[in-house]
file query39.csv (CSV, C-alpha atoms and all ligand atoms)
chain,number,residue,atom,x,y,z
O,1,MET,CA,0.0,0.0,0.0
O,2,LEU,CA,1.8,3.0,1.5
O,3,ASP,CA,1.1,5.1,-1.6
O,4,LYS,CA,-2.6,5.3,-1.3
O,5,LYS,CA,-3.8,8.9,-1.0
O,6,ILE,CA,-5.8,9.2,2.1
O,7,THR,CA,-7.4,12.3,3.6
O,8,LEU,CA,-9.3,12.3,6.8
O,9,TYR,CA,-12.0,14.9,7.5
O,10,HIS,CA,-12.4,15.1,11.2
O,11,ALA,CA,-12.8,17.2,14.3
O,12,ASN,CA,-10.4,17.3,17.2
O,13,TRP,CA,-13.1,16.8,19.9
O,14,SER,CA,-15.4,14.3,18.2
O,15,LEU,CA,-15.8,10.8,19.6
O,16,CYS,CA,-16.2,9.1,16.2
O,17,SER,CA,-13.2,11.1,14.7
O,18,GLN,CA,-11.1,9.9,17.6
O,19,MET,CA,-12.0,6.3,16.8
O,20,VAL,CA,-10.9,6.6,13.2
O,21,ARG,CA,-7.7,8.4,14.1
O,22,VAL,CA,-6.8,5.6,16.6
O,23,ALA,CA,-7.4,3.0,13.9
O,24,LEU,CA,-5.2,4.9,11.4
O,25,TYR,CA,-2.3,5.1,14.0
O,26,GLU,CA,-2.8,1.5,15.0
O,27,LYS,CA,-2.5,0.4,11.4
O,28,GLY,CA,0.4,2.8,10.7
O,29,ILE,CA,-1.4,4.3,7.7
O,30,SER,CA,-0.2,7.7,6.7
O,31,PHE,CA,-2.9,10.3,6.0
O,32,LYS,CA,-3.5,13.9,5.3
O,33,GLU,CA,-6.0,15.6,7.5
O,34,THR,CA,-8.6,18.4,7.1
O,35,HIS,CA,-10.0,19.7,10.4
O,36,ILE,CA,-13.6,20.5,10.2
O,37,LYS,CA,-14.9,23.1,12.6
O,38,LEU,CA,-18.2,21.6,13.7
O,39,CYS,CA,-21.3,23.8,13.9
O,40,ASP,CA,-22.0,22.9,17.6
O,41,GLN,CA,-18.5,23.9,18.6
O,42,TYR,CA,-17.3,26.7,16.3
O,43,PRO,CA,-19.0,29.8,14.8
O,44,GLU,CA,-17.7,28.8,11.4
O,45,GLY,CA,-19.8,25.6,11.3
O,46,GLU,CA,-17.7,24.2,8.5
O,47,ASN,CA,-19.5,20.9,8.3
O,48,LEU,CA,-22.5,22.8,6.9
O,49,ASN,CA,-20.4,24.3,4.0
O,50,LYS,CA,-21.1,23.2,0.5
O,51,ASN,CA,-17.6,21.7,0.1
O,52,TYR,CA,-18.0,19.4,3.1
O,53,LEU,CA,-21.6,18.5,2.2
O,54,SER,CA,-20.3,17.3,-1.1
O,55,ILE,CA,-18.1,14.9,0.8
O,56,ASN,CA,-20.6,13.8,3.4
O,57,PRO,CA,-24.2,15.0,2.7
O,58,LEU,CA,-25.1,14.1,6.4
O,59,ALA,CA,-22.7,16.9,7.5
O,60,THR,CA,-21.1,14.7,10.2
O,61,VAL,CA,-17.5,13.8,10.8
O,62,PRO,CA,-15.5,11.6,10.3
O,63,ALA,CA,-15.3,11.0,6.6
O,64,ILE,CA,-12.4,9.7,4.7
O,65,SER,CA,-11.2,9.8,1.1
O,66,ILE,CA,-9.1,6.8,0.0
O,67,ASP,CA,-7.8,7.3,-3.5
O,68,ASN,CA,-11.0,9.4,-4.1
O,69,GLU,CA,-13.3,6.8,-2.7
O,70,ILE,CA,-15.3,8.5,0.0
O,71,VAL,CA,-16.4,6.6,3.1
O,72,PHE,CA,-18.3,8.0,6.1
O,73,ASP,CA,-19.4,6.5,9.4
O,74,SER,CA,-16.7,5.5,11.8
O,75,VAL,CA,-17.6,1.8,11.8
O,76,LYS,CA,-17.5,1.5,8.0
O,77,ILE,CA,-14.3,3.6,7.8
O,78,ILE,CA,-12.5,1.4,10.4
O,79,LYS,CA,-13.6,-1.8,8.6
O,80,ARG,CA,-12.4,-0.3,5.3
O,81,LEU,CA,-9.0,0.8,6.8
O,82,ASN,CA,-8.4,-2.8,8.1
O,83,HIS,CA,-8.1,-3.9,4.5
O,84,ILE,CA,-5.3,-1.4,3.9
O,85,GLU,CA,-1.8,-2.4,4.5
O,86,GLY,CA,-0.1,0.0,6.8
O,87,LYS,CA,3.3,0.0,8.5
O,88,ASN,CA,2.0,-2.1,11.4
O,89,ASN,CA,0.9,-5.6,10.9
O,90,ILE,CA,-2.3,-5.6,12.9
O,91,ASP,CA,-5.7,-7.1,12.2
O,92,LEU,CA,-8.4,-5.1,14.0
O,93,TYR,CA,-10.8,-8.0,13.8
O,94,PRO,CA,-9.1,-11.0,15.4
O,95,VAL,CA,-12.5,-12.4,16.1
O,96,ILE,CA,-15.5,-11.8,13.8
O,97,ASP,CA,-18.8,-13.0,15.2
O,98,SER,CA,-22.1,-11.6,16.2
O,99,THR,CA,-20.9,-10.6,19.6
O,100,THR,CA,-18.0,-8.5,18.2
O,101,ASN,CA,-20.3,-6.8,15.7
O,102,SER,CA,-22.9,-6.0,18.3
O,103,ILE,CA,-20.3,-4.7,20.8
O,104,ILE,CA,-18.9,-2.5,18.1
O,105,LYS,CA,-22.3,-1.2,17.2
O,106,ASN,CA,-23.2,-0.6,20.8
O,107,THR,CA,-20.1,1.4,21.6
O,108,THR,CA,-20.3,4.0,18.9
O,109,ILE,CA,-22.9,6.6,17.8
O,110,THR,CA,-24.9,4.3,15.6
O,111,GLU,CA,-27.3,6.0,13.2
O,112,GLY,CA,-30.9,5.3,14.1
O,113,ALA,CA,-30.1,4.0,17.7
O,114,LYS,CA,-32.2,5.7,20.4
O,115,PHE,CA,-30.2,8.1,22.6
O,116,ALA,CA,-29.1,6.5,25.9
O,117,SER,CA,-29.9,3.0,24.6
O,118,THR,CA,-26.3,1.8,24.3
O,119,LEU,CA,-22.9,2.8,25.8
O,120,GLY,CA,-22.2,4.7,22.6
O,121,THR,CA,-25.4,6.7,22.6
O,122,ILE,CA,-25.2,7.4,26.3
O,123,MET,CA,-22.1,9.6,25.7
O,124,PRO,CA,-23.9,12.4,23.7
O,125,VAL,CA,-26.4,12.4,26.6
O,126,PHE,CA,-23.7,12.7,29.2
O,127,SER,CA,-21.9,15.3,27.0
O,128,ALA,CA,-25.1,17.3,26.4
O,129,PRO,CA,-24.5,20.0,29.1
O,130,LEU,CA,-21.0,20.6,27.8
O,131,ILE,CA,-22.2,20.8,24.2
O,132,GLN,CA,-25.0,23.2,25.2
O,133,PHE,CA,-22.3,25.4,26.9
O,134,MET,CA,-20.5,25.6,23.6
O,135,ILE,CA,-23.6,26.2,21.6
O,136,LYS,CA,-24.7,29.0,23.9
O,137,LYS,CA,-21.4,30.8,23.1
O,138,LEU,CA,-22.1,30.8,19.4
O,139,PRO,CA,-23.2,34.0,17.6
O,140,PHE,CA,-26.8,34.1,16.5
O,141,LYS,CA,-25.7,34.0,12.8
O,142,SER,CA,-24.2,30.5,13.4
O,143,ILE,CA,-27.5,29.3,14.8
O,144,LEU,CA,-29.2,30.7,11.8
O,145,LYS,CA,-26.7,28.7,9.6
O,146,ILE,CA,-27.6,25.5,11.5
O,147,LEU,CA,-31.3,26.3,11.0
O,148,LEU,CA,-30.9,26.9,7.3
O,149,LYS,CA,-28.2,24.4,6.3
O,150,HIS,CA,-28.1,21.4,8.6
O,151,PRO,CA,-29.3,18.5,6.6
O,152,ARG,CA,-30.2,16.4,9.6
O,153,GLN,CA,-33.5,17.4,11.2
O,154,ASP,CA,-32.7,15.6,14.5
O,155,ARG,CA,-29.4,17.5,15.0
O,156,LYS,CA,-30.9,20.8,13.9
O,157,ILE,CA,-33.7,20.5,16.5
O,158,ILE,CA,-31.3,19.5,19.3
O,159,PHE,CA,-28.7,22.2,18.6
O,160,ILE,CA,-31.3,25.0,18.1
O,161,SER,CA,-33.1,24.0,21.3
O,162,MET,CA,-29.8,24.0,23.2
O,163,TYR,CA,-29.3,27.6,22.1
O,164,PHE,CA,-32.7,28.8,23.2
O,165,PHE,CA,-33.5,26.6,26.2
O,166,ASN,CA,-31.8,25.0,29.2
O,167,PHE,CA,-33.0,21.4,29.0
O,168,THR,CA,-29.7,19.6,29.3
O,169,LYS,CA,-28.9,20.5,32.9
O,170,ASN,CA,-30.2,17.2,34.3
O,171,LEU,CA,-30.2,15.2,31.1
O,172,PRO,CA,-27.3,13.0,32.0
O,173,LYS,CA,-29.5,11.5,34.7
O,174,VAL,CA,-31.5,9.8,32.0
O,175,GLY,CA,-28.5,7.7,31.0
O,176,ILE,CA,-27.1,6.7,34.4
O,177,GLN,CA,-29.1,3.5,35.1
O,178,LYS,CA,-28.4,2.2,31.6
O,179,PHE,CA,-24.7,3.3,31.8
O,180,VAL,CA,-24.2,1.4,35.0
O,181,ASP,CA,-25.9,-1.7,33.7
O,182,GLU,CA,-23.8,-1.6,30.5
O,183,LEU,CA,-20.6,-0.9,32.4
O,184,LEU,CA,-21.2,-3.9,34.7
O,185,LYS,CA,-22.1,-6.1,31.7
O,186,PHE,CA,-18.9,-5.1,30.1
O,187,GLU,CA,-16.9,-5.9,33.3
O,188,ASN,CA,-18.3,-9.4,33.1
O,189,LEU,CA,-17.4,-9.8,29.4
O,190,LEU,CA,-13.7,-8.9,30.0
O,191,SER,CA,-11.4,-11.8,30.5
O,192,THR,CA,-8.9,-11.8,33.4
O,193,ASN,CA,-6.2,-13.2,31.1
O,194,ASN,CA,-6.3,-10.8,28.2
O,195,GLU,CA,-4.8,-7.3,28.2
O,196,PHE,CA,-7.5,-6.2,25.7
O,197,PHE,CA,-11.0,-7.3,24.9
O,198,TYR,CA,-9.6,-10.2,22.8
O,199,SER,CA,-6.0,-11.4,23.1
O,200,THR,CA,-4.9,-8.8,20.6
O,201,PHE,CA,-5.9,-5.1,20.2
O,202,SER,CA,-9.2,-4.8,18.1
O,203,HIS,CA,-11.9,-2.4,17.0
O,204,VAL,CA,-13.7,-3.1,20.2
O,205,ASP,CA,-10.7,-1.7,22.1
O,206,ILE,CA,-10.7,1.4,19.9
O,207,ASN,CA,-14.3,2.2,20.7
O,208,MET,CA,-13.8,1.5,24.5
O,209,MET,CA,-10.7,3.7,24.5
O,210,CYS,CA,-12.6,6.6,23.1
O,211,LEU,CA,-15.7,6.1,25.3
O,212,PHE,CA,-13.5,5.9,28.4
O,213,ASN,CA,-11.6,9.0,27.3
O,214,ARG,CA,-14.8,10.9,26.9
O,215,LEU,CA,-15.7,9.9,30.5
O,216,LYS,CA,-12.4,11.5,31.5
O,217,ASP,CA,-13.4,14.7,29.7
O,218,LEU,CA,-16.7,14.7,31.5
O,219,GLN,CA,-14.9,14.4,34.8
O,220,LEU,CA,-16.3,10.9,35.3
O,221,GLU,CA,-13.1,8.9,34.9
O,222,ASP,CA,-13.3,7.8,38.6
O,223,CYS,CA,-16.2,5.6,37.8
O,224,ILE,CA,-13.9,3.3,35.7
O,225,ASN,CA,-11.0,3.6,38.1
O,226,THR,CA,-12.3,1.8,41.1
O,227,ASN,CA,-12.0,-1.7,42.5
O,228,LYS,CA,-15.7,-2.1,42.1
O,229,THR,CA,-14.9,-2.9,38.4
O,230,PRO,CA,-11.3,-4.2,38.7
O,231,LYS,CA,-11.1,-5.7,35.2
O,232,ILE,CA,-12.3,-2.4,33.6
O,233,LYS,CA,-9.8,-0.5,35.8
O,234,LYS,CA,-6.9,-2.6,34.5
O,235,TYR,CA,-8.2,-2.6,30.9
O,236,TRP,CA,-8.4,1.2,30.9
O,237,MET,CA,-4.8,1.4,32.0
O,238,SER,CA,-3.8,-0.9,29.1
O,239,LEU,CA,-5.8,1.3,26.7
O,240,LYS,CA,-4.1,4.5,28.0
O,241,ASN,CA,-0.7,2.9,27.6
O,242,ARG,CA,-1.3,2.3,23.9
O,243,HIS,CA,0.7,4.7,21.6
O,244,SER,CA,-2.4,5.3,19.6
O,245,TYR,CA,-4.1,6.8,22.6
O,246,THR,CA,-1.6,9.6,22.7
O,247,GLN,CA,-1.3,9.8,18.9
O,248,GLY,CA,-5.0,9.7,18.0
O,249,ILE,CA,-6.6,11.2,21.0
O,250,LEU,CA,-4.4,13.2,23.4
O,251,ASN,CA,-2.4,14.9,20.7
O,252,TYR,CA,-5.6,16.5,19.3
O,253,TYR,CA,-6.5,18.5,22.4
O,254,PHE,CA,-5.5,22.1,21.8
O,255,GLU,CA,-6.3,25.3,23.6
O,256,LYS,CA,-9.9,25.4,22.4
O,257,GLU,CA,-10.7,21.9,23.7
O,258,LEU,CA,-8.8,22.2,26.9
O,259,ASN,CA,-10.2,25.6,27.7
O,260,VAL,CA,-13.8,24.8,27.2
O,261,ILE,CA,-13.6,21.7,29.4
O,262,ASP,CA,-11.8,23.7,32.1
O,263,GLU,CA,-14.2,26.6,31.9
O,264,PHE,CA,-17.2,24.4,32.1
O,265,TYR,CA,-16.1,22.2,35.0
O,266,GLY,CA,-13.8,24.6,36.8
O,267,LYS,CA,-12.6,22.9,40.0
O,268,THR,CA,-16.0,21.4,40.8
O,269,GLY,CA,-15.9,18.2,38.7
O,270,SER,CA,-19.1,16.5,37.7
O,271,LYS,CA,-22.1,16.4,39.9
O,272,TYR,CA,-23.0,13.0,38.4
O,273,LEU,CA,-19.9,11.1,39.6
O,274,ASN,CA,-21.2,10.3,43.0
O,275,ILE,CA,-24.6,9.3,41.7
O,276,ILE,CA,-23.0,6.9,39.3
O,277,LEU,CA,-20.7,5.5,42.0
O,278,ASP,CA,-23.7,5.0,44.3
O,279,GLU,CA,-25.6,3.2,41.5
O,280,ILE,CA,-22.6,0.9,40.9
O,281,ASP,CA,-22.6,0.1,44.6
O,282,LYS,CA,-26.3,-0.8,44.6
O,283,LYS,CA,-25.8,-3.1,41.6
O,284,ILE,CA,-22.7,-5.1,42.6
M,301,LIG,N1,-22.5,7.2,13.0
M,301,LIG,C1,-21.6,8.3,12.7
M,301,LIG,C2,-21.8,9.5,13.7
M,301,LIG,C3,-21.1,10.7,13.3
M,301,LIG,C4,-21.4,11.9,14.2
M,301,LIG,O1,-22.5,12.0,14.7
M,301,LIG,N2,-20.4,12.8,14.3
M,301,LIG,C5,-20.6,13.9,15.1
M,301,LIG,C6,-19.3,14.2,15.9
M,301,LIG,S1,-18.9,12.8,17.0
M,301,LIG,C7,-20.8,15.2,14.3
M,301,LIG,O2,-20.3,15.2,13.1
M,301,LIG,N3,-21.6,16.2,14.8
M,301,LIG,C8,-21.8,17.4,14.1
M,301,LIG,C9,-23.2,17.6,13.6
M,301,LIG,O3,-24.0,16.7,13.8
M,301,LIG,O4,-23.5,18.7,13.1
M,301,LIG,C10,-20.1,7.8,12.9
M,301,LIG,O5,-20.0,6.8,13.6
M,301,LIG,O6,-19.2,8.3,12.2
call {"tool": "encode", "arguments": {"input": "query39.csv", "output": "structure tokens"}}
result
Amino acid sequence: MLDKKITLYHANWSLCSQMVRVALYEKGISFKETHIKLCDQYPEGENLNKNYLSINPLATVPAISIDNEIVFDSVKIIKRLNHIEGKNNIDLYPVIDSTTNSIIKNTTITEGAKFASTLGTIMPVFSAPLIQFMIKKLPFKSILKILLKHPRQDRKIIFISMYFFNFTKNLPKVGIQKFVDELLKFENLLSTNNEFFYSTFSHVDINMMCLFNRLKDLQLEDCINTNKTPKIKKYWMSLKNRHSYTQGILNYYFEKELNVIDEFYGKTGSKYLNIILDEIDKKI
């Protein structure tokens, strides 16, 4: 391979973009990158521009161009990347069965899945107050741009409501029960012998790395770092030690991302952490 022309369209602080970047670094595939300033984070709202809509008509990131073939949706992209030979000899699907596929599906933002119905779709619900904080800082003309140009009705409604109303304050509560159930289910699925979900690093680990990192952003990392879920605690350590965690995730936090998280949480942390920890206690 090595001479395929690959361009990734992504955003620094986007769960699904992180997943694809980790896959690229894991495979050792070189790529060019175009950062897209998303409409819920930046006044420019570049994902709503004609140029980007011609790449992904759904206006979401990530999307990738591989020798001019365009692929979007993180799961499809990672599956496609696995067929490309990179510098590292790694197969991201050491096991392919229905369990693998359903874990992958349940740990990302799957189109059509109800919010808070899976670990993946709980994350936007948990992130909602922080996203609302960013949206409220946008100038009105950026909101107008979302209203006029966002091709996805669901996102349009959510983003615009976030600008005008304050409904996200307690929204994370909606996802807590399910989150704890799924977390404990995942603890039971992890093997004590393997460093990763399977014996070698896989797509499942990519998704879990990004979800756990998002919990860290949301000041909820302590709920995966306790002895209540010892296998998850160890697993998260292994994920953080992976080079791709630094390369694909940590290296993409710049002033904007760090400041907004800092500004939102200050020194207080998340008010949901203790609720989650109590819920875990009740269920183990
Ligand atoms: N199923 C898609 C979801 C993509 C998605 O929702 N991306 C978010 C960022 S994580 C996005 O582009 N949001 C901006 C918007 O909806 O305007 C995937 O897995 O790639």
call {"tool": "residues_around", "arguments": {"input": "query39.csv", "residues": "Asp278 of chain O", "least_positions_apart": "5", "cutoff": "12 Å", "atoms": "all atoms listed in the file", "output": "PyMOL selection string"}}
result
chain O and resi 176-177+180+223+228+272-273+283-284
call {"tool": "closest_residue", "arguments": {"input": "query39.csv", "among": "O:Gln219, O:Tyr235, O:Met209, O:Thr168", "to": "Glu195 of chain O", "atoms": "all atoms listed in the file"}}
result
O:Tyr235
call {"tool": "residues_near_ligand", "arguments": {"input": "query39.csv", "ligand": "ligand LIG 301 (chain M)", "cutoff": "7 Å", "atoms": "all atoms listed in the file", "output": "short mmCIF file (atom, residue, chain, number, x, y, z; two decimals) with C-alpha atoms, in the coordinates of the input"}}
result
data_model
loop_
_atom_site.label_atom_id
_atom_site.label_comp_id
_atom_site.auth_asym_id
_atom_site.auth_seq_id
_atom_site.Cartn_x
_atom_site.Cartn_y
_atom_site.Cartn_z
CA SER O 14 -15.40 14.30 18.20
CA LEU O 15 -15.80 10.80 19.60
CA CYS O 16 -16.20 9.10 16.20
CA SER O 17 -13.20 11.10 14.70
CA LEU O 38 -18.20 21.60 13.70
CA CYS O 39 -21.30 23.80 13.90
CA ASP O 40 -22.00 22.90 17.60
CA ASN O 47 -19.50 20.90 8.30
CA ALA O 59 -22.70 16.90 7.50
CA THR O 60 -21.10 14.70 10.20
CA VAL O 61 -17.50 13.80 10.80
CA PRO O 62 -15.50 11.60 10.30
CA PHE O 72 -18.30 8.00 6.10
CA ASP O 73 -19.40 6.50 9.40
CA SER O 74 -16.70 5.50 11.80
CA VAL O 75 -17.60 1.80 11.80
CA THR O 108 -20.30 4.00 18.90
CA ILE O 109 -22.90 6.60 17.80
CA THR O 110 -24.90 4.30 15.60
CA GLU O 111 -27.30 6.00 13.20
CA HIS O 150 -28.10 21.40 8.60
CA ARG O 155 -29.40 17.50 15.00
#
call {"tool": "atom_distance", "arguments": {"input": "query39.csv", "atom1": "atom CA of Asn101 of chain O", "atom2": "atom CA of Glu182 of chain O"}}
result
16.1 Å
call {"tool": "residues_around", "arguments": {"input": "query39.csv", "residues": "Asn82 of chain O", "least_positions_apart": "4", "cutoff": "10 Å", "atoms": "only C-alpha atoms", "output": "list in words"}}
result
Ala23, Leu24, Glu26, Lys27, Ile29, Ile77, Ile78, Gly86, Ile90, Asp91, Leu92, Tyr93 and His203 of chain O
call {"tool": "atom_distance", "arguments": {"input": "query39.csv", "atom1": "atom CA of Gln132 of chain O", "atom2": "atom CA of Met162 of chain O"}}
result
5.3 Å
call {"tool": "atom_distance", "arguments": {"input": "query39.csv", "atom1": "atom CA of Lys4 of chain O", "atom2": "atom CA of Ser30 of chain O"}}
result
8.7 Å
call {"tool": "residues_near_point", "arguments": {"input": "query39.csv", "point": "(-26.1, 19.1, 33.5)", "cutoff": "9 Å", "atoms": "all atoms listed in the file", "output": "PyMOL selection string"}}
result
chain O and resi 126-130+167-173+270-272
call {"tool": "write_last_selection", "arguments": {"input": "query39.csv", "atoms": "C-alpha atoms", "output": "PDB file, in the coordinates of the input"}}
result
ATOM      1  CA  PHE O 126     -23.700  12.700  29.200  1.00  0.00           C
ATOM      2  CA  SER O 127     -21.900  15.300  27.000  1.00  0.00           C
ATOM      3  CA  ALA O 128     -25.100  17.300  26.400  1.00  0.00           C
ATOM      4  CA  PRO O 129     -24.500  20.000  29.100  1.00  0.00           C
ATOM      5  CA  LEU O 130     -21.000  20.600  27.800  1.00  0.00           C
ATOM      6  CA  PHE O 167     -33.000  21.400  29.000  1.00  0.00           C
ATOM      7  CA  THR O 168     -29.700  19.600  29.300  1.00  0.00           C
ATOM      8  CA  LYS O 169     -28.900  20.500  32.900  1.00  0.00           C
ATOM      9  CA  ASN O 170     -30.200  17.200  34.300  1.00  0.00           C
ATOM     10  CA  LEU O 171     -30.200  15.200  31.100  1.00  0.00           C
ATOM     11  CA  PRO O 172     -27.300  13.000  32.000  1.00  0.00           C
ATOM     12  CA  LYS O 173     -29.500  11.500  34.700  1.00  0.00           C
ATOM     13  CA  SER O 270     -19.100  16.500  37.700  1.00  0.00           C
ATOM     14  CA  LYS O 271     -22.100  16.400  39.900  1.00  0.00           C
ATOM     15  CA  TYR O 272     -23.000  13.000  38.400  1.00  0.00           C
TER      16      TYR O 272
END
call {"tool": "closest_residue", "arguments": {"input": "query39.csv", "among": "O:Leu144, O:Gly28, O:Ile104, O:Asp205", "to": "Glu85 of chain O", "atoms": "all atoms listed in the file"}}
result
O:Gly28
call {"tool": "residues_near_point", "arguments": {"input": "query39.csv", "point": "(-29.5, 23.5, 5.8)", "cutoff": "12 Å", "atoms": "only C-alpha atoms", "output": "NGL selection string"}}
result
:O and (39 or 45 or 47-50 or 53 or 57-59 or 142-153 or 155-157)
